[in-house]
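Right, one structure below, let's go through it.
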Amino acid sequence: MVDLSWPLVPQERVAVSASTFLKFFLPAFVSYFAMGVLVQGKRTATRFALLPVALLCAYRAGSTLDFSFGIPNYRFLNQGLVLTMFTLSMRSTAWAFAEKPYKRITPPDDTSNYDTLSSNTDDQSTDVDDTPLSTAIWNAWDLSVNLRGIGWDWPRGLQIPKSSLGTQSTLAFLLSTLAKLLFHALALDIVSAAARDFSPETFGSVEGGTIFDPSLSPLSRYTRSSIITIISGWTAYFAIQMVYQLHALEFTLLFRQGPSQWPPLFDTPGFSTSLTSLWGHKWHQLFRECFISVGARPLSYLLGRTGGVMGAFLASGTLHYLGLKAMGRGGHPVAVFGFFIMQAIGVIMEGVWKKCTGVHVNGCLGLLWTWLWVVFWANFMVDAWAKAGLVGSKFFPDDYRPTVLLAQFLKHYLDLLRFL
């Protein structure tokens, strides 16, 4: 008899084990990987047929598995799981509706630096229709984790920051990446602990709580919440950087990728002089094509540029809302969606300003405007993070926190010097 129960989702999350991994996670990845193979050819009907299966498998994995093993301090791992599954869903949807087969650009040499990726790459592309299935499968391994599309022809207008270190050999790249990984891990530990220390008993714990202290005067209350918001933003920044540097090491060592395939992820977002530049290229662009494909493009057909901007930020809001909801403490949709909707409105306002005055938002006033707009609206989203227990999460076991390990190393080093 055919087992028809496999699409059903358990009422409670189940801990990750070999059996649950094979039953829930593996089908999600295999269907996603198959979409990555199919998008390299003209098998549009097959892609559409597989899309519902890929979406269902991603939903089952994201709503069923418990990567925290029931430990409150590790609920953020379930957030990571849902972010991953929703990203797989967005990419699978984009691949199903792709008008042209994705083409792999002839791999650049390791000395090149990327600037802007556009569609002017036809002379470097391989003919996907003539590509053997084995090559398409090998390409799909890269495509499945290559969110920005470096080395592919599908990114449009994607700006890639240039490395401040210039040309690097593979060995030099590995050493510098390891140094960055250690630095970002240490910085993440410091800033996340700083945020928790503002109120260890409330939002500084996994029980959660508000960042707005009603016992303070309005000025003190919102100054304090804004400081917590900025620190939480740095926490997110360092966490993303740390994961990126870790993957850069993995794929360079295991899959022999070159340094040019791992350019910088951010472009000094703290110095953005407009919301357009901040969200357009200075903040990481890992989800750019996803947000364009499932958010910006559909709404732009109906409402033009305004709809496109709003659609992209609504897609981003959905991603962040579902991730926060996975922590089991509510998704706080008004606060989360409100932040991203207001960012869209800010970008639209900058476009109106440019149209009316002929001048781009820029300079010192643009820097001040960007910080004020982002931090003000981020207060409410970070408050949602705090209530869900995200701010109180500990990203490292207590005995293996980078600050603890560094302190132990320095203590042993100083003891050794005294002995000598």
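So you can find residues: chains in the structure tokens are A, B, ... in the order shown, residues in each start at 1, and ligands are numbered from 1 in order.
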Can you pull out every residue within 9 Å of segment 332-340 of chain A, counting only C-alpha atoms, but drop anything in the same chain fewer than 4 positions away, and send it as a list in words?
-> Met310, Phe313, Leu314, Ser316, Gly317, Thr318, His320, Tyr321, Leu324, Lys325, Ala344, Ile345, Val374, Trp377, Ala378, Asn379, Phe380, Met381, Val382, Asp383, Ala384, Trp385, Lys387 and Ala388 of chain A
Would you kindly return, as a list of chain:residue names, each protein, DNA or RNA residue with an atom no farther than 7 Å from any atom of segment 171-180 of chain A, considering only C-alpha atoms and excluding same-chain residues fewer than 5 positions away?
-> A:Gln245, A:Leu249, A:Pro259
Put those residues in a file: N, CA and C atoms, as an mmCIF file, in the first residue's frame.
data_model
loop_
_atom_site.group_PDB
_atom_site.id
_atom_site.type_symbol
_atom_site.label_atom_id
_atom_site.label_comp_id
_atom_site.auth_asym_id
_atom_site.auth_seq_id
_atom_site.Cartn_x
_atom_site.Cartn_y
_atom_site.Cartn_z
ATOM 1 N N GLN A 245 31.404 34.108 6.469
ATOM 2 C CA GLN A 245 32.834 33.773 6.470
ATOM 3 C C GLN A 245 33.037 32.277 6.685
ATOM 4 N N LEU A 249 34.956 29.739 3.977
ATOM 5 C CA LEU A 249 36.015 28.779 4.283
ATOM 6 C C LEU A 249 35.637 27.382 3.801
ATOM 7 N N PRO A 259 38.698 32.867 -4.472
ATOM 8 C CA PRO A 259 38.354 34.063 -3.689
ATOM 9 C C PRO A 259 37.366 34.974 -4.400
#
Fewer than 5 positions away in the same chain doesn't count, so skip those; otherwise give me all residues within 7 Å of segment 64-81 of chain A, counting only C-alpha atoms, as a PyMOL selection string.
-> chain A and resi 9-10+12-16+206+323-324+326-327+390+393-394
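Minimum atom-to-atom distances from A:Gly366, A:Gly157, A:Gly208, A:Gly36 to Gly280 of chain A were compared using only C-alpha atoms, and the lowest value belongs to A:Gly157.
Relative to atom CA of Ala98 of chain A, atom CA of Arg297 of chain A is found at 11.9 Å.
Among the candidates A:Gly389, A:Tyr222, A:Trp234, A:Gly151, the residue lying nearest to Gly328 of chain A is A:Gly389 (atoms considered: only C-alpha atoms).
The residue that comes closest to Ala236 of chain A, out of A:Leu88, A:Val391, A:Ala194, A:Ile150 and on the basis of only C-alpha atoms, is A:Val391.
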